[in-house]
file data_14.txt (compact mmCIF, C-alpha atoms)
# COMPACT_ATOMS: atom_id res chain seq x y z
CA MET G 19 -0.53 6.13 16.19
CA LYS G 20 1.07 2.77 17.04
CA LEU G 21 0.83 0.80 13.80
CA ASN G 22 0.58 -2.98 13.67
CA PHE G 23 3.50 -4.61 11.84
CA ARG G 24 5.29 -7.90 11.25
CA LYS G 25 9.07 -7.97 11.47
CA TYR G 26 11.29 -10.52 9.76
CA GLY G 27 14.96 -11.08 9.05
CA SER G 28 18.07 -9.02 9.67
CA GLY G 29 20.08 -6.32 7.92
CA HIS G 30 19.23 -2.78 6.87
CA PRO G 31 15.58 -1.98 7.75
CA LEU G 32 13.04 -2.12 4.93
CA PHE G 33 9.49 -0.78 5.38
CA VAL G 34 6.80 -2.22 3.06
CA LEU G 35 3.48 -0.36 2.70
CA HIS G 36 0.31 -1.84 1.17
CA GLY G 37 -2.38 -0.08 -0.88
CA VAL G 38 -5.89 1.07 0.00
CA PHE G 39 -8.20 -1.77 1.22
CA GLY G 40 -5.07 -3.94 1.65
CA SER G 41 -2.94 -5.03 4.58
CA SER G 42 0.46 -6.43 5.46
CA ASP G 43 -0.90 -9.87 4.47
CA ASN G 44 -0.75 -8.85 0.82
CA TRP G 45 3.07 -8.71 0.98
CA GLN G 46 3.75 -11.68 3.26
CA THR G 47 5.30 -14.00 0.65
CA LEU G 48 7.49 -11.27 -0.84
CA GLY G 49 8.30 -10.03 2.67
CA LYS G 50 9.72 -13.43 3.62
CA GLY G 51 11.97 -13.20 0.55
CA PHE G 52 13.05 -9.64 1.39
CA SER G 53 13.85 -10.78 4.93
CA GLU G 54 16.74 -12.88 3.64
CA HIS G 55 18.47 -9.58 2.79
CA PHE G 56 16.93 -6.96 5.11
CA THR G 57 15.13 -6.47 8.42
CA THR G 58 11.70 -6.34 6.82
CA TYR G 59 8.72 -4.54 8.34
CA LEU G 60 5.36 -5.41 6.79
CA ILE G 61 3.14 -2.60 8.06
CA ASP G 62 -0.63 -2.16 8.39
CA LEU G 63 -1.34 1.50 7.65
CA ARG G 64 -3.92 3.29 9.82
CA ASN G 65 -7.51 2.12 9.33
CA HIS G 66 -6.24 -1.07 7.66
CA GLY G 67 -5.40 -4.59 8.81
CA ASN G 68 -4.85 -4.77 12.56
CA SER G 69 -3.76 -1.15 13.00
CA PRO G 70 -5.90 1.29 15.01
CA HIS G 71 -8.83 3.16 13.51
CA SER G 72 -9.17 6.94 13.27
CA ASP G 73 -11.51 9.39 11.55
CA GLU G 74 -8.40 11.26 10.40
CA MET G 75 -6.77 9.84 7.28
CA ASN G 76 -4.41 11.76 5.03
CA TYR G 77 -0.78 11.52 3.97
CA GLN G 78 0.47 13.89 6.68
CA VAL G 79 -0.86 11.72 9.51
CA MET G 80 0.27 8.53 7.74
CA THR G 81 3.76 10.04 7.46
CA ASP G 82 3.64 10.87 11.17
CA ASP G 83 2.66 7.26 11.90
CA LEU G 84 5.79 6.00 10.12
CA LEU G 85 7.98 8.49 11.99
CA GLU G 86 6.55 7.19 15.27
CA LEU G 87 7.28 3.61 14.24
CA MET G 88 10.87 4.47 13.32
CA GLU G 89 11.33 6.19 16.66
CA ASP G 90 9.83 3.26 18.57
CA GLU G 91 12.14 0.85 16.74
CA GLY G 92 15.20 3.08 17.16
CA LEU G 93 15.78 3.40 13.41
CA GLU G 94 17.74 6.27 11.89
CA SER G 95 17.12 5.46 8.22
CA ILE G 96 15.29 2.88 6.12
CA TYR G 97 14.66 1.53 2.66
CA LEU G 98 11.02 2.22 1.78
CA VAL G 99 8.68 0.32 -0.57
CA GLY G 100 5.04 1.28 -1.13
CA HIS G 101 2.27 0.14 -3.46
CA SER G 102 -0.55 2.43 -4.62
CA MET G 103 -1.75 4.34 -1.50
CA GLY G 104 1.33 2.95 0.24
CA GLY G 105 3.40 4.33 -2.61
CA LYS G 106 1.86 7.77 -2.13
CA THR G 107 2.58 7.51 1.59
CA ALA G 108 6.17 6.54 0.77
CA MET G 109 6.56 9.51 -1.59
CA HIS G 110 5.24 11.93 1.02
CA PHE G 111 7.45 10.42 3.71
CA ALA G 112 10.61 10.49 1.56
CA THR G 113 10.16 14.06 0.31
CA MET G 114 9.39 15.30 3.83
CA ASN G 115 12.12 13.24 5.55
CA PRO G 116 14.85 12.63 2.95
CA ASP G 117 17.50 12.03 5.62
CA LYS G 118 15.49 9.04 6.91
CA VAL G 119 15.08 7.24 3.56
CA ASP G 120 18.18 5.80 1.88
CA LYS G 121 16.37 4.40 -1.17
CA LEU G 122 12.74 4.62 -2.28
CA ILE G 123 10.65 2.17 -4.34
CA VAL G 124 7.17 3.14 -5.55
CA VAL G 125 4.92 0.47 -7.07
CA ASP G 126 2.30 1.44 -9.68
CA ILE G 127 1.41 4.95 -8.63
CA ALA G 128 2.54 8.41 -9.80
CA PRO G 129 2.92 11.63 -7.77
CA LYS G 130 -0.24 13.08 -9.34
CA TYR G 131 -3.85 13.45 -8.17
CA TYR G 132 -6.20 10.55 -8.99
CA PRO G 133 -9.96 11.22 -8.91
CA PRO G 134 -11.98 8.80 -6.74
CA HIS G 135 -12.47 5.60 -8.72
CA HIS G 136 -13.22 2.92 -6.13
CA GLN G 137 -17.02 3.05 -6.24
CA GLN G 138 -17.38 -0.60 -7.27
CA ILE G 139 -15.15 -1.69 -4.38
CA PHE G 140 -17.28 0.26 -1.91
CA GLU G 141 -20.41 -1.27 -3.44
CA GLY G 142 -18.83 -4.67 -2.90
CA PHE G 143 -18.28 -3.95 0.79
CA HIS G 144 -21.80 -2.59 1.22
CA SER G 145 -23.37 -5.56 -0.61
CA ILE G 146 -22.66 -7.78 2.39
CA ASN G 147 -25.07 -7.83 5.33
CA LEU G 148 -22.70 -8.44 8.24
CA ALA G 149 -25.56 -8.70 10.76
CA THR G 150 -26.95 -11.88 9.14
CA LEU G 151 -23.80 -13.27 7.54
CA GLN G 152 -23.17 -16.96 8.33
CA SER G 153 -20.05 -17.82 6.30
CA ARG G 154 -17.32 -16.51 4.03
CA LYS G 155 -18.89 -18.39 1.13
CA GLU G 156 -22.14 -16.51 1.74
CA ALA G 157 -20.16 -13.24 1.73
CA ASP G 158 -18.59 -14.17 -1.60
CA ASP G 159 -21.99 -15.09 -3.04
CA GLN G 160 -23.48 -11.76 -1.96
CA MET G 161 -20.57 -9.77 -3.31
CA ALA G 162 -20.56 -11.65 -6.64
CA LYS G 163 -23.80 -9.85 -7.53
CA VAL G 164 -21.81 -6.59 -7.57
CA ILE G 165 -18.23 -7.66 -8.41
CA THR G 166 -17.81 -10.43 -10.96
CA GLU G 167 -14.00 -10.71 -10.77
CA PHE G 168 -13.13 -13.52 -8.33
CA GLY G 169 -9.65 -12.11 -7.56
CA VAL G 170 -11.05 -8.70 -6.62
CA ARG G 171 -13.61 -10.32 -4.30
CA GLN G 172 -10.91 -12.40 -2.63
CA PHE G 173 -8.80 -9.26 -2.11
CA ILE G 174 -11.73 -7.46 -0.46
CA LEU G 175 -12.74 -10.46 1.63
CA LYS G 176 -9.28 -10.64 3.22
CA ASN G 177 -10.66 -7.78 5.34
CA LEU G 178 -13.43 -9.94 6.78
CA GLY G 179 -12.83 -10.93 10.39
CA ARG G 180 -14.75 -11.74 13.56
CA ASP G 181 -15.31 -9.64 16.67
CA SER G 182 -15.05 -10.78 20.30
CA ASP G 183 -18.56 -12.28 20.08
CA ASN G 184 -17.54 -14.26 16.96
CA ASN G 185 -19.73 -12.13 14.69
CA PHE G 186 -18.40 -11.07 11.31
CA GLU G 187 -16.92 -7.57 11.00
CA TRP G 188 -14.67 -5.59 8.68
CA LYS G 189 -11.17 -5.31 10.11
CA LEU G 190 -10.56 -2.08 8.21
CA ASN G 191 -12.28 1.23 9.02
CA LEU G 192 -14.54 1.33 5.97
CA ALA G 193 -16.36 4.52 7.02
CA ALA G 194 -13.13 6.51 7.44
CA ILE G 195 -11.65 5.27 4.17
CA GLU G 196 -14.84 6.12 2.29
CA ALA G 197 -15.05 9.56 3.90
CA ASN G 198 -11.41 10.32 3.02
CA ILE G 199 -11.10 8.65 -0.38
CA ASP G 200 -10.40 12.01 -2.05
CA GLN G 201 -7.42 12.42 0.30
CA VAL G 202 -6.17 8.99 -0.79
CA GLY G 203 -6.07 10.24 -4.38
CA SER G 204 -4.24 13.48 -3.61
CA GLY G 205 -0.87 14.21 -5.21
CA ILE G 206 2.32 15.33 -3.52
CA ALA G 207 3.18 19.02 -3.06
CA ASP G 208 4.42 20.91 -6.12
CA ASN G 209 7.76 21.67 -4.43
CA ALA G 210 8.28 18.17 -2.96
CA VAL G 211 11.61 16.66 -4.04
CA TYR G 212 13.56 13.54 -3.07
CA GLU G 213 17.03 13.46 -4.62
CA LYS G 214 18.23 10.00 -3.60
CA PRO G 215 17.99 6.74 -5.61
CA THR G 216 14.38 5.98 -6.49
CA LEU G 217 12.73 3.18 -8.46
CA PHE G 218 9.21 3.33 -9.89
CA ILE G 219 7.79 -0.06 -10.86
CA GLY G 220 4.60 -0.18 -12.91
CA GLY G 221 2.45 -2.76 -14.64
CA LYS G 222 2.24 -2.33 -18.40
CA LYS G 223 -1.44 -3.35 -18.31
CA SER G 224 -2.20 -0.81 -15.57
CA ASN G 225 -3.19 2.80 -16.28
CA TYR G 226 -1.79 4.21 -13.04
CA ILE G 227 1.60 5.17 -14.50
CA LYS G 228 1.46 6.51 -18.06
CA GLU G 229 4.27 7.76 -20.28
CA GLU G 230 3.02 11.32 -19.85
CA ASP G 231 3.67 10.93 -16.10
CA TYR G 232 7.41 10.31 -16.56
CA SER G 233 8.35 13.99 -16.62
CA LEU G 234 6.33 14.65 -13.44
CA ILE G 235 8.07 11.73 -11.75
CA SER G 236 11.47 13.11 -12.78
CA SER G 237 10.64 16.59 -11.51
CA HIS G 238 9.96 15.25 -7.99
CA PHE G 239 12.44 12.36 -8.06
CA PRO G 240 15.40 13.41 -10.25
CA GLU G 241 17.29 10.16 -9.55
CA ALA G 242 14.30 7.97 -10.48
CA LYS G 243 14.44 4.92 -12.72
CA ILE G 244 11.15 3.64 -14.15
CA GLU G 245 10.62 -0.07 -14.86
CA MET G 246 7.38 -1.38 -16.39
CA ILE G 247 6.61 -5.10 -16.02
CA ASP G 248 5.00 -6.96 -18.92
CA ASP G 249 1.57 -8.55 -18.45
CA ALA G 250 1.08 -6.93 -15.03
CA GLY G 251 -1.84 -4.79 -13.93
CA HIS G 252 -2.13 -2.61 -10.83
CA TRP G 253 -1.46 -5.47 -8.37
CA VAL G 254 2.05 -6.00 -9.69
CA HIS G 255 3.26 -7.75 -6.53
CA ALA G 256 0.48 -10.35 -6.77
CA GLU G 257 0.59 -10.84 -10.55
CA LYS G 258 4.36 -10.81 -11.15
CA PRO G 259 6.02 -11.39 -7.75
CA LYS G 260 9.23 -12.93 -9.16
CA GLU G 261 9.86 -10.03 -11.52
CA LEU G 262 9.10 -7.44 -8.84
CA PHE G 263 11.28 -9.24 -6.29
CA GLU G 264 14.25 -9.27 -8.65
CA LEU G 265 13.86 -5.55 -9.44
CA VAL G 266 13.67 -4.66 -5.74
CA ILE G 267 16.69 -6.77 -4.72
CA ASP G 268 18.80 -5.52 -7.65
CA PHE G 269 17.97 -1.92 -6.83
CA LEU G 270 18.59 -2.18 -3.08
CA SER G 271 21.75 -4.30 -3.33

call {"tool": "encode", "arguments": {"input": "data_14.txt", "output": "C-alpha cells"}}
result
Amino acid sequence: MKLNFRKYGSGHPLFVLHGVFGSSDNWQTLGKGFSEHFTTYLIDLRNHGNSPHSDEMNYQVMTDDLLELMEDEGLESIYLVGHSMGGKTAMHFATMNPDKVDKLIVVDIAPKYYPPHHQQIFEGFHSINLATLQSRKEADDQMAKVITEFGVRQFILKNLGRDSDNNFEWKLNLAAIEANIDQVGSGIADNAVYEKPTLFIGGKKSNYIKEEDYSLISSHFPEAKIEMIDDAGHWVHAEKPKELFELVIDFLS
C-alpha cells in the first residue's frame, strides 16, 4: 500500500508513526523540530489520515507498508519512532527487519497484548450523525453526550473531513479499525528480538507501561533504555512535547 506521508528536513531518515485513531497531524510540531536534525517522514498508517483504506489491518501488513515506503524512497535504513499502535508497528518492523532500523524509539506501549479498551472512543464516533451534520461545533456537541473530556473529543474530531460533495465524512476507515481492534492490541512474537539501541518512553500517569513490563521489554529489546516522563499520560507527545523532544534528540544524536 502506498502510504500518505509528509517529508521535512535533511539528514538520516526518521520515520514517525502515530497511534490508533491518529494521523501524521498529531506529530507535526515535533516533526518540524526533528527535521532540523533528520529527514523526517510523518506517516499516515493504513486506514488513518489520508492513507488508503483496506479491510485488512494487522502488524504484518503495516510492516509491509513501511517496507514499500522505504523501497519507494530508496532508503536502506532508518531511525524509527512510534507511539501506541505506531509503537507496536515499529516493534514489529524492527524485530522483523533489524538491518533496516538503526535505532528504535517506542512511545508509551509495551510488547505485550492489550485487551480491547477503546469502546468509549467508538461510541464517540458513532454518536455523530454524519448524514445530518451541519458543523464541527454540532459534532462536538453530539459527542459531548458520550465523551466529557474536551481533549479526547478534539483528538477524535481531527478525523472529521468532507467528501467531494462537501458532506462530512470520517477520513479514517472506522469500520476496519473497529473490526480489527483485537489485532491492534496484539503483542509481538515470543521469539522477536531487536538487539540495537532502543528507547522506550512512557508517561508516569499512563498505565500502558508498568514496572512489571520492564523484564518483557528487556527480553525482546536487550539494548533498551526506559525513560518515564513525569505528569504525562498516554499522549506523551502532546502533553510533554519538550521533554519527549529532548529525549529523542539525545538518543539519536

call {"tool": "closest_residue", "arguments": {"input": "data_14.txt", "among": "G:Met109, G:Leu48, G:Ile195, G:Leu85", "to": "Ala256 (chain G)", "atoms": "all atoms listed in the file"}}
result
G:Leu48

call {"tool": "atom_distance", "arguments": {"input": "data_14.txt", "atom1": "CA of Met19 (chain G)", "atom2": "CA of Asp82 (chain G)"}}
result
8.1 Å

call {"tool": "atom_distance", "arguments": {"input": "data_14.txt", "atom1": "CA of Ser41 (chain G)", "atom2": "CA of Lys228 (chain G)"}}
result
25.8 Å

call {"tool": "atom_distance", "arguments": {"input": "data_14.txt", "atom1": "CA of Val34 (chain G)", "atom2": "CA of Phe140 (chain G)"}}
result
24.7 Å

call {"tool": "closest_residue", "arguments": {"input": "data_14.txt", "among": "G:Asn65, G:Gln201, G:Ser153, G:Asn76", "to": "Trp188 (chain G)", "atoms": "only C-alpha atoms"}}
result
G:Asn65

call {"tool": "residues_around", "arguments": {"input": "data_14.txt", "residues": "Leu151 (chain G)", "least_positions_apart": "6", "cutoff": "9 Å", "atoms": "all atoms listed in the file", "output": "MDAnalysis selection string"}}
result
chainID G and resid 157 185:186

call {"tool": "closest_residue", "arguments": {"input": "data_14.txt", "among": "G:Ile139, G:Leu122, G:Leu192, G:Val211", "to": "Glu167 (chain G)", "atoms": "all atoms listed in the file"}}
result
G:Ile139

call {"tool": "closest_residue", "arguments": {"input": "data_14.txt", "among": "G:Asn209, G:Val124, G:Ser182, G:Phe143", "to": "Lys163 (chain G)", "atoms": "all atoms listed in the file"}}
result
G:Phe143

call {"tool": "axis_aligned_box", "arguments": {"input": "data_14.txt", "around": "region 180-195 of chain G", "padding_each_side": "5 Å", "output": "JSON"}}
result
{"center_x": -15.1, "center_y": -3.9, "center_z": 12.2, "size_x": 19.2, "size_y": 30.8, "size_z": 26.1}

call {"tool": "residues_near_point", "arguments": {"input": "data_14.txt", "point": "(2.2, -10.6, -2.4)", "cutoff": "12 Å", "atoms": "all atoms listed in the file", "output": "PyMOL selection string"}}
result
chain G and resi 34-37+40-52+60+101+173+253-263

call {"tool": "residues_around", "arguments": {"input": "data_14.txt", "residues": "Glu196 (chain G)", "least_positions_apart": "4", "cutoff": "12 Å", "atoms": "all atoms listed in the file", "output": "list in words"}}
result
Val38, Phe39, Asn65, Asp73, Glu74, Met75, Pro134, His135, His136, Gln137, Gln138, Ile139, Phe140, Glu141, Phe143, His144, Leu190, Asn191, Leu192, Asp200, Gln201, Val202 and Gly203 of chain G

call {"tool": "residues_around", "arguments": {"input": "data_14.txt", "residues": "Asp248 (chain G)", "least_positions_apart": "3", "cutoff": "8 Å", "atoms": "only C-alpha atoms", "output": "PDB file with C-alpha atoms, in the frame of the given file"}}
result
ATOM      1  CA  GLY G 221       2.450  -2.760 -14.640  1.00  0.00           C
ATOM      2  CA  LYS G 222       2.240  -2.330 -18.400  1.00  0.00           C
ATOM      3  CA  LYS G 223      -1.440  -3.350 -18.310  1.00  0.00           C
TER       4      LYS G 223
END

call {"tool": "closest_residue", "arguments": {"input": "data_14.txt", "among": "G:Leu87, G:Ala242, G:Leu93, G:Ile247", "to": "His30 (chain G)", "atoms": "only C-alpha atoms"}}
result
G:Leu93

call {"tool": "closest_residue", "arguments": {"input": "data_14.txt", "among": "G:Tyr97, G:Phe33, G:Tyr226, G:Tyr26", "to": "Tyr132 (chain G)", "atoms": "only C-alpha atoms"}}
result
G:Tyr226

call {"tool": "residues_around", "arguments": {"input": "data_14.txt", "residues": "Asn115 (chain G)", "least_positions_apart": "3", "cutoff": "10 Å", "atoms": "only C-alpha atoms", "output": "MDAnalysis selection string"}}
result
chainID G and resid 81 85 95 109:112 118:119 212

call {"tool": "residues_around", "arguments": {"input": "data_14.txt", "residues": "Ser102 (chain G)", "least_positions_apart": "6", "cutoff": "7 Å", "atoms": "only C-alpha atoms", "output": "compact mmCIF listing (two decimals) with C-alpha atoms, keeping the file's coordinate frame"}}
result
# COMPACT_ATOMS: atom_id res chain seq x y z
CA GLY G 37 -2.38 -0.08 -0.88
CA VAL G 125 4.92 0.47 -7.07
CA ASP G 126 2.30 1.44 -9.68
CA ILE G 127 1.41 4.95 -8.63
